[in-house]
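This report concerns only the one structure given below.
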Amino acid sequence: MQVTSTEPPARDVDQRSRADARHDLLFRRILKSCALLVLAALVGAALSTLWGGREVLFGHGLHFLLSDSWNPVEDDYGALAPIFGTLVTSLIALLLAVPVSFGIALFLTEIAPAWMRGPVGAAIELLAGIPSIIYGMWGLFVFVPFMAGIEPALNNTLGNIPIIGKLFQGPPLGLGLLTAGIVLAVMILPFISSVMREVFRTVPSRLKESSYALGSTTWEVLWDIVLPYTRSAVIGGIFLGLGRALGETMAVTFVLGNSFNITSSLLMPGTTISSSIANEFNEAVGMHRSALIALGFLLFVVTFIVLLIARLMLRQLAKREGT
């Protein structure tokens, strides 16, 4: 009885392998092109803002970086006040949003009953999808009057503390760095809490169950098991929220007061890089426009430095975990 072979000819196998190699090479080149496109867009944005602000950056030099003056009439521009306001409001937002986001994420993953996790998680995602101008309008019409009502109390209580008293001294305007920082905290809270929640859910159940079996409390499980396991991702989520706070425009513009002054009081109006550009770019010409574009380049540099610090921290944590 003759047995017929079902194996394909060697020629067909060779042609198929060559076709697979060509397709794999094409797919690899497409993916590489997508990655290079993102890099090209990043470099293009940086170079375009650098070129647009060249008159101020190269003409005024360090005066633009170290001066807090902003006088379009005399073409005297300084970026120190917008940089100061950007960093202060972002720091306030981070200090307020990170602990609350951490608590929300832990509650939803470890403590909340099953029937509550879905609605609360959906509410957080809804907050993340609200446009920033809505936060700005809410801040201007609702939160600013509220802050104007409690700022006298802050002035009379915290303002009398020797070391930090200057931070809470000022007229009850409602508009100011503290108000902008709180509004920013409300904005970035959904992003940080969503990242933390998803990261905490990746912790293997057997690790937590083993810790509970050894008699650990809920807090000990969270502190000794969940956080060390997800430390790098948690830090990445925090810096993601910080990047959002640094570049926020409309919400800050509504509640900041837009004053080019550097003050030690958080209750006084100030300005940020993004709000300065949004307020003045339409009417800016000549050197004024160049100064605003230079501010955009500085915002790009500040954000890049923050993300670089985040990458370095994550790398150090990875090395520490490896050892």
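Going by the structure tokens order, chains are called A, B, ..., each with residues numbered from 1, while ligands are numbered from 1 in the order shown.
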Where in stretch 211-307 of chain A does DSSP assign helix (DSSP H, G or I), given as an MDAnalysis selection string?
-> chainID A and resid 211:213 218:247 250:256 273:280 287:307
Do you know which residues are at most 7 Å from stretch 288-290 of chain A counting only C-alpha atoms, after dropping those on the same chain fewer than 2 positions away, and could you put them as number ranges by chain?
-> A: 52-53, 55-56, 72, 75, 281, 284-286, 292-294
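The residue set within 10 Å of A:Asn156, counting only C-alpha atoms and dropping same-chain residues fewer than 6 places from it, reads Gly165, Phe168 and Gln169 of chain A.
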For the selection you just gave me, I'd like the residues written to a file as a JSON list (two decimals), in the first residue's frame, keeping all heavy atoms.
[["chain", "number", "residue", "atom", "x", "y", "z"],
["A", 165, "GLY", "N", 3.39, 81.54, 58.95],
["A", 165, "GLY", "CA", 2.34, 82.54, 59.02],
["A", 165, "GLY", "C", 2.25, 83.40, 57.78],
["A", 165, "GLY", "O", 1.16, 83.77, 57.34],
["A", 168, "PHE", "N", -0.18, 82.58, 54.82],
["A", 168, "PHE", "CA", -1.63, 82.71, 54.93],
["A", 168, "PHE", "C", -2.04, 84.12, 55.37],
["A", 168, "PHE", "O", -3.07, 84.30, 56.00],
["A", 168, "PHE", "CB", -2.17, 81.67, 55.92],
["A", 168, "PHE", "CG", -1.85, 80.27, 55.53],
["A", 168, "PHE", "CD1", -0.76, 79.62, 56.09],
["A", 168, "PHE", "CD2", -2.62, 79.59, 54.60],
["A", 168, "PHE", "CE1", -0.45, 78.31, 55.74],
["A", 168, "PHE", "CE2", -2.32, 78.29, 54.24],
["A", 168, "PHE", "CZ", -1.23, 77.65, 54.81],
["A", 169, "GLN", "N", -1.25, 85.10, 55.03],
["A", 169, "GLN", "CA", -1.57, 86.49, 55.32],
["A", 169, "GLN", "C", -1.91, 87.22, 54.03],
["A", 169, "GLN", "O", -1.18, 87.12, 53.05],
["A", 169, "GLN", "CB", -0.40, 87.19, 56.02],
["A", 169, "GLN", "CG", -0.11, 86.64, 57.41],
["A", 169, "GLN", "CD", 1.08, 87.31, 58.04],
["A", 169, "GLN", "OE1", 1.76, 88.12, 57.42],
["A", 169, "GLN", "NE2", 1.34, 86.98, 59.31]]
Kindly indicate which residue among A:Ser193, A:Ile225, A:Gly241, A:Ser265 lies nearest to A:Arg206, using only C-alpha atoms for the distances.
-> A:Ile225
May I have the residues within 10 Å of A:Ile130 as a list in words, using only C-alpha atoms and disregarding those fewer than 5 positions away in the same chain?
-> Glu125, Tyr135 and Met187 of chain A
May I have the residues within 9 Å of A:Thr303 as a ChimeraX atom specification, using only C-alpha atoms and disregarding those fewer than 2 positions away in the same chain?
-> /A:242-243,246-247,298-301,305-308
Selection: 9 Å around A:Ile92, only C-alpha atoms, excl. self and same-chain fewer than 6 positions, as a CSV table (one decimal) with N, CA and C atoms, in the first residue's frame:
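Here's the written file selection_39.csv:
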chain,number,residue,atom,x,y,z
A,177,LEU,N,-3.0,81.9,44.7
A,177,LEU,CA,-2.3,80.7,44.5
A,177,LEU,C,-2.9,79.5,45.2
A,178,LEU,N,-3.3,79.7,46.4
A,178,LEU,CA,-3.9,78.6,47.2
A,178,LEU,C,-5.2,78.1,46.5
A,180,ALA,N,-6.0,78.4,43.3
A,180,ALA,CA,-5.6,77.7,42.1
A,180,ALA,C,-5.1,76.3,42.4
A,181,GLY,N,-4.3,76.2,43.4
A,181,GLY,CA,-3.7,74.9,43.8
A,181,GLY,C,-4.8,73.9,44.2
A,182,ILE,N,-5.8,74.3,44.9
A,182,ILE,CA,-6.9,73.4,45.3
A,182,ILE,C,-7.7,73.0,44.1
A,184,LEU,N,-6.6,72.8,41.1
A,184,LEU,CA,-5.7,71.8,40.3
A,184,LEU,C,-5.7,70.5,41.0
A,185,ALA,N,-5.7,70.5,42.3
A,185,ALA,CA,-5.8,69.2,43.1
A,185,ALA,C,-7.0,68.4,42.7
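Atom CA of A:Lys208 lies 15.9 Å from atom CA of A:Ala112.
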Quick one: of A:Val199, A:Ala122, A:Val38, A:Leu62, who's nearest to A:Ala105, counting only C-alpha atoms?
-> A:Val199
Interatomic distance, atom CA of A:Ala251 to atom CA of A:Val186 (Å, one decimal) = 10.6 Å
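Here atom CA of A:Leu266 is placed at a distance of 5.2 Å from atom CA of A:Leu167.
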Would you return as a ChimeraX atom specification the members of stretch 60-202 of chain A that DSSP assigns to strand (DSSP E or B) on this structure's backbone?
-> /A:70-71,76-77
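Distances here use only C-alpha atoms; by that measure, the residue among A:Ala45, A:Met287, A:Ile164, A:Trp115 closest to A:Val73 is A:Met287.
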